[in-house]
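Colleague: This is the content of entry-v7.cif (mmCIF, C-alpha atoms):
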data_data
loop_
_atom_site.label_atom_id
_atom_site.label_comp_id
_atom_site.auth_asym_id
_atom_site.auth_seq_id
_atom_site.Cartn_x
_atom_site.Cartn_y
_atom_site.Cartn_z
CA PHE A 280 128.33 97.18 -28.98
CA VAL A 281 130.45 94.12 -28.35
CA GLY A 282 129.15 92.36 -25.29
CA ASN A 283 126.10 94.59 -25.01
CA ASN A 284 122.59 93.97 -26.30
CA TYR A 285 120.85 96.67 -28.27
CA LEU A 286 117.18 97.20 -27.54
CA LYS A 287 116.37 98.79 -30.88
CA LEU A 288 113.45 101.11 -31.44
CA ARG A 289 112.10 101.90 -34.88
CA HIS A 290 109.39 104.49 -35.45
CA SER A 291 106.74 103.71 -38.04
CA HIS A 292 103.51 105.63 -38.57
CA SER A 293 103.22 106.79 -34.94
CA SER A 294 103.92 103.33 -33.54
CA PHE A 295 107.02 101.53 -32.38
CA THR A 296 108.18 98.12 -31.27
CA MET A 297 110.95 97.15 -28.92
CA THR A 298 112.15 94.05 -27.17
CA ASP A 299 110.95 93.55 -23.60
CA SER A 300 113.56 94.95 -21.20
CA SER A 301 111.47 94.62 -18.05
CA THR A 302 113.19 91.42 -17.02
CA SER A 303 116.73 92.54 -17.82
CA SER A 304 119.13 92.09 -14.91
CA LYS A 305 121.64 94.46 -16.47
CA PRO A 306 121.53 98.24 -16.26
CA ILE A 307 120.04 99.83 -19.37
CA LEU A 308 121.41 102.98 -20.97
CA GLY A 309 119.01 104.95 -23.17
CA TYR A 310 120.25 107.46 -25.74
CA TRP A 311 120.30 108.54 -29.36
CA LYS A 312 122.10 106.40 -31.94
CA ILE A 313 125.18 108.62 -31.73
CA ARG A 314 128.23 109.12 -29.50
CA GLY A 315 127.06 112.37 -27.89
CA LEU A 316 126.80 112.25 -24.10
CA ALA A 317 126.45 108.47 -23.93
CA SER A 318 129.90 107.67 -25.28
CA ALA A 319 131.63 108.73 -22.06
CA ILE A 320 129.15 106.71 -19.98
CA ARG A 321 129.79 103.65 -22.12
CA PHE A 322 133.55 104.14 -21.68
CA GLN A 323 133.13 104.31 -17.91
CA LEU A 324 130.87 101.26 -17.75
CA LYS A 325 133.27 99.22 -19.87
CA TYR A 326 136.24 100.29 -17.76
CA SER A 327 134.27 99.32 -14.64
CA ASN A 328 133.55 95.86 -16.11
CA VAL A 329 129.80 96.47 -16.10
CA SER A 330 127.76 94.60 -18.69
CA PHE A 331 124.81 96.68 -19.87
CA ASP A 332 122.00 96.80 -22.39
CA GLU A 333 120.92 99.78 -24.46
CA GLU A 334 117.69 101.37 -25.66
CA VAL A 335 118.61 103.24 -28.82
CA TYR A 336 116.60 106.04 -30.43
CA GLU A 337 117.31 107.25 -33.95
CA GLN A 338 116.51 110.69 -35.29
CA GLY A 339 114.67 110.67 -38.61
CA ASP A 340 116.35 111.61 -41.86
CA ALA A 341 116.16 115.05 -43.48
CA PRO A 342 114.14 117.00 -44.27
CA GLY A 343 111.90 116.11 -41.34
CA LEU A 344 114.60 115.10 -38.84
CA SER A 345 111.86 113.68 -36.64
CA ASN A 346 112.53 113.01 -32.95
CA ALA A 347 109.37 110.90 -32.69
CA GLU A 348 111.16 107.72 -31.64
CA TRP A 349 112.05 109.42 -28.37
CA LEU A 350 109.20 111.90 -28.00
CA ASP A 351 106.55 109.19 -28.39
CA VAL A 352 107.84 107.41 -25.27
CA LYS A 353 109.52 110.25 -23.35
CA PHE A 354 106.85 110.48 -20.66
CA LYS A 355 106.12 106.74 -20.60
CA LYS A 356 109.47 105.53 -19.29
CA GLY A 357 108.82 106.21 -15.61
CA LEU A 358 111.56 108.84 -15.42
CA ALA A 359 111.27 111.58 -12.79
CA TYR A 360 112.92 114.08 -15.15
CA PRO A 361 112.55 112.62 -18.66
CA ASN A 362 115.66 113.23 -20.74
CA LEU A 363 118.41 111.52 -22.71
CA PRO A 364 120.61 109.89 -21.65
CA TYR A 365 118.88 107.86 -18.97
CA LEU A 366 119.99 104.85 -16.95
CA LYS A 367 117.66 102.16 -15.65
CA ASP A 368 119.11 99.90 -12.97
CA GLY A 369 116.49 97.48 -11.77
CA ALA A 370 113.59 99.47 -10.33
CA TYR A 371 115.67 102.66 -10.13
CA SER A 372 116.17 105.08 -13.00
CA LEU A 373 117.85 108.44 -13.41
CA THR A 374 118.71 111.06 -16.01
CA GLU A 375 121.37 113.81 -16.39
CA SER A 376 124.74 112.59 -17.64
CA GLY A 377 126.80 113.82 -14.69
CA ALA A 378 124.48 112.12 -12.23
CA ILE A 379 124.67 108.90 -14.26
CA HIS A 380 128.48 108.98 -14.21
CA ARG A 381 128.55 109.47 -10.45
CA TYR A 382 125.87 106.84 -9.80
CA CYS A 383 127.75 104.27 -11.87
CA ALA A 384 130.97 105.09 -10.05
CA LYS A 385 129.34 104.91 -6.61
CA LYS A 386 127.84 101.50 -7.39
CA TRP A 387 130.46 99.78 -9.53
CA CYS A 388 133.78 101.64 -9.29
CA PRO A 389 133.83 103.93 -6.21
CA GLU A 390 137.46 104.96 -6.63
CA LEU A 391 136.41 107.05 -9.63
CA LEU A 392 134.65 109.48 -7.26
CA CYS A 393 137.96 110.34 -5.54
CA ASP A 394 135.90 111.09 -2.43
CA ASP A 395 138.38 109.53 0.00
CA ASP A 396 140.46 112.71 -0.12
CA ALA A 397 139.05 116.25 0.02
CA GLU A 398 141.65 117.76 -2.32
CA LEU A 399 141.28 115.02 -4.91
CA TYR A 400 137.51 115.26 -4.68
CA GLY A 401 137.69 119.01 -5.23
CA LYS A 402 139.90 118.55 -8.29
CA ALA A 403 137.57 115.90 -9.71
CA GLU A 404 134.50 118.10 -9.27
CA MET A 405 136.33 121.12 -10.67
CA ALA A 406 137.19 119.04 -13.72
CA TRP A 407 133.46 118.52 -14.33
CA GLY A 408 132.97 122.28 -14.44
CA VAL A 409 135.83 122.76 -16.91
CA TYR A 410 134.50 119.96 -19.09
CA SER A 411 130.94 121.32 -19.01
CA ASP A 412 132.05 124.77 -20.20
CA LEU A 413 134.04 123.32 -23.10
CA LYS A 414 131.29 120.86 -24.03
CA SER A 415 128.70 123.64 -24.08
CA PHE A 416 130.89 125.69 -26.43
CA PHE A 417 131.25 122.73 -28.80
CA THR A 418 127.60 121.75 -28.74
CA THR A 419 126.48 125.28 -29.52
CA GLY A 420 128.95 125.51 -32.39
CA CYS A 421 127.93 122.19 -33.91
CA TYR A 422 124.17 122.58 -33.66
CA MET A 423 123.49 126.32 -33.68
CA GLY A 424 126.47 127.97 -35.34
CA ASP A 425 127.14 128.75 -38.99
CA GLY A 426 128.44 125.26 -39.78
CA ASN A 427 132.02 126.44 -40.28
CA LYS A 428 134.05 123.52 -38.94
CA LYS A 429 137.44 125.16 -39.44
CA ALA A 430 136.39 128.33 -37.64
CA LEU A 431 135.00 126.36 -34.72
CA GLY A 432 138.24 124.42 -34.41
CA GLU A 433 140.34 127.60 -34.49
CA ALA A 434 138.15 129.23 -31.85
CA ALA A 435 138.20 126.16 -29.62
CA ILE A 436 141.91 125.36 -29.51
CA PRO A 437 142.87 128.29 -27.22
CA ARG A 438 140.12 127.31 -24.79
CA PHE A 439 142.05 124.13 -24.01
CA ALA A 440 145.22 125.97 -22.96
CA LEU A 441 144.65 125.86 -19.19
CA VAL A 442 143.63 122.22 -19.01
CA ALA A 443 146.50 121.31 -21.36
CA LYS A 444 148.88 123.04 -18.96
CA GLU A 445 147.48 121.08 -16.01
CA LEU A 446 147.74 117.80 -17.91
CA SER A 447 151.36 118.49 -18.76
CA ASN A 448 152.08 117.91 -15.05
CA ASN A 449 149.36 115.37 -14.21
CA LYS A 450 148.36 111.97 -15.54
CA PHE A 451 144.64 112.67 -15.24
CA LEU A 452 142.29 115.57 -14.50
CA ALA A 453 142.42 115.05 -10.72
CA GLY A 454 146.15 114.36 -10.67
CA ASP A 455 147.45 110.80 -10.55
CA ARG A 456 143.98 109.37 -9.91
CA LEU A 457 141.42 108.63 -12.60
CA CYS A 458 137.97 110.20 -12.05
CA CYS A 459 134.58 110.09 -13.78
CA ALA A 460 135.23 113.34 -15.63
CA ASP A 461 138.18 111.79 -17.46
CA PHE A 462 135.84 109.60 -19.50
CA ALA A 463 133.83 112.64 -20.58
CA PHE A 464 136.90 114.76 -21.26
CA VAL A 465 138.71 112.21 -23.41
CA GLU A 466 135.59 111.91 -25.60
CA LEU A 467 135.58 115.69 -25.93
CA ILE A 468 139.21 115.56 -27.05
CA GLU A 469 138.26 112.93 -29.62
CA MET A 470 135.63 115.31 -30.98
CA MET A 471 138.10 118.21 -30.94
CA ASP A 472 140.60 116.11 -32.90
CA PHE A 473 137.93 115.67 -35.58
CA ILE A 474 136.83 119.31 -35.61
CA SER A 475 140.38 120.70 -35.72
CA ASP A 476 141.64 118.05 -38.17
CA GLY A 477 144.34 117.10 -35.68
CA GLU A 478 145.57 120.65 -35.02
CA ILE A 479 144.66 120.41 -31.33
CA PHE A 480 147.47 117.89 -30.78
CA LYS A 481 150.01 120.01 -32.64
CA VAL A 482 149.27 122.94 -30.35
CA HIS A 483 148.74 120.97 -27.13
CA GLN A 484 150.95 117.87 -27.06
CA SER A 485 149.91 117.15 -23.47
CA LEU A 486 146.35 116.47 -24.69
CA LYS A 487 147.67 113.86 -27.13
CA ASP A 488 149.68 112.23 -24.34
CA TYR A 489 146.61 112.28 -22.08
CA ARG A 490 144.46 110.74 -24.81
CA ASP A 491 146.99 107.96 -25.28
CA ARG A 492 147.07 107.26 -21.54
CA MET A 493 143.29 107.07 -21.38
CA PHE A 494 142.99 104.63 -24.27
CA ALA A 495 145.75 102.47 -22.82
CA LEU A 496 143.47 101.76 -19.83
CA PRO A 497 141.61 98.42 -19.67
CA LYS A 498 138.68 98.11 -22.10
CA MET A 499 139.11 101.67 -23.43
CA LYS A 500 140.67 100.82 -26.77
CA GLU A 501 137.97 98.22 -27.39
CA GLY A 502 135.35 100.80 -26.49
CA LEU A 503 136.81 103.36 -28.89
CA VAL A 504 136.60 100.91 -31.79
CA GLU A 505 132.89 100.52 -31.11
CA GLU A 506 132.30 104.27 -30.67
CA LYS A 507 133.87 105.01 -34.04
CA LYS A 508 130.96 103.17 -35.66
CA HIS A 509 128.73 106.12 -34.75
CA THR A 510 128.72 109.85 -35.46
CA PHE A 511 129.54 112.40 -32.77
CA ASN A 512 126.32 114.37 -33.27
CA ASN A 513 122.74 113.81 -34.35
CA LYS A 514 121.53 114.19 -37.93
CA CYS A 515 120.33 117.75 -37.36
CA ALA A 516 123.84 119.00 -36.50
CA LEU A 517 125.50 121.50 -38.82
CA ILE A 518 128.90 119.98 -38.06
CA ASN A 519 129.26 116.21 -37.87
CA ASP A 520 131.49 113.40 -39.02
CA ALA A 521 130.37 111.15 -41.85
CA GLN A 522 127.18 109.19 -41.38
CA LYS A 523 128.13 105.65 -40.29
#
With the file now loaded, output its structure as structure tokens.
Modeller:
Amino acid sequence: FVGNNYLKLRHSHSSFTMTDSSTSSKPILGYWKIRGLASAIRFQLKYSNVSFDEEVYEQGDAPGLSNAEWLDVKFKKGLAYPNLPYLKDGAYSLTESGAIHRYCAKKWCPELLCDDDAELYGKAEMAWGVYSDLKSFFTTGCYMGDGNKKALGEAAIPRFALVAKELSNNKFLAGDRLCCADFAFVELIEMMDFISDGEIFKVHQSLKDYRDRMFALPKMKEGLVEEKKHTFNNKCALINDAQK
């Protein structure tokens, strides 16, 4: 990505090479070479003016679809709970995307936690739950369904009705204040736009307006240009945009 250094990994006959990241003073985000769960974290880091490096793992091509690039090093990264994505910040490292979002906010952009007001904090945390339910539905449909993109889009659109109603009266998920979950939710809307071939915005105009507000924020439009260079899902997905 622009302004960020890739720490590329390439698997070859059970071995790999990578540049030395042990002396990096920047936080390091590790994830697959896709948008997936890392896209929202990258959006948040860019918005927060945090320069970061990346360790990128690529799934093998069909028919094998090997995950060896990650599996070969999964338990060698010093992670308490090895998983992707992960964030390494100096001597500290953590996994789980929600935890990474909150950690990054706490350290670099505390206002995104909305924890100075109990009601706002409750709305922000509730938004995470709403997002997680919708994301789970999408992920299952893309990786484990029958591969019918149109059917998935038609089934998903009604699930956005309640959040679309809330966003018709609010700028962001927690009201007038931006929160961590907004970065995850706008990426989900981007994916829904692809899956529904734009129908989501015809049914729920408030989601289009929300998307436009999010990408009008500092660094977000630049971030979106970079994200569009990658697919939403991994190579094993039954539903995915064109290989970039």
Colleague: With 8 Å of padding per side, what axis-aligned box (centre and edge lengths, Å, one decimal) covers all the listed atoms of region 447-453 of chain A? Give it as JSON.
Modeller:
{"center_x": 147.2, "center_y": 115.2, "center_z": -14.7, "size_x": 25.8, "size_y": 22.5, "size_z": 24.0}
Colleague: At a cut-off of 7 Å, can you tabulate as a tab-separated table every residue of region 376-397 of chain A near region 451-472 of chain A together with its closest atom pair and the distance in Å to one decimal, using only C-alpha atoms and ordering rows by chain then number?
Modeller:
residue	atom	partner	partner_atom	distance
A:His380	CA	A:Cys459	CA	6.2
A:Arg381	CA	A:Cys459	CA	6.9
A:Leu391	CA	A:Cys458	CA	4.3
A:Leu392	CA	A:Cys458	CA	5.9
A:Cys393	CA	A:Cys458	CA	6.5
Colleague: Please determine, counting only C-alpha atoms, which residue among A:Ala443, A:Ile313, A:Ala516, A:Val329 has the shortest atom-to-atom distance to Ala384 (chain A).
Modeller: A:Val329
Colleague: Under the PyMOL selection byres ((chain A and resi 479-487) around 12), which residues of this model are included? Write them out as number ranges by chain.
Modeller: A: 429, 431-452, 461, 464-478, 488-494
Colleague: To one decimal place, how far is CA of Val352 (chain A) from CA of Ala378 (chain A) in Å?
Modeller: 21.7 Å
Colleague: To one decimal place, how far is CA of Ala347 (chain A) from CA of Ser372 (chain A) in Å?
Modeller: 21.6 Å
Colleague: Which of these, A:Thr419, A:Thr374, A:Thr510, A:Gln323, has the shortest distance to Tyr360 (chain A) once you count only C-alpha atoms?
Modeller: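 Among A:Thr419, A:Thr374, A:Thr510, A:Gln323, it is A:Thr374 that comes nearest to Tyr360 (chain A).
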Colleague: Just give me the gap between CA of Asp340 (chain A) and CA of Glu501 (chain A) in Å, one decimal is fine.
Modeller: 29.3 Å
Colleague: List the residues matched by the PyMOL selection byres ((chain A and resi 368) around 12) in the displayed structure as a PyMOL selection string, ordered by chain and then by residue number.
Modeller: chain A and resi 300-309+329-333+358+365-367+369-374+379+382-383+386-387
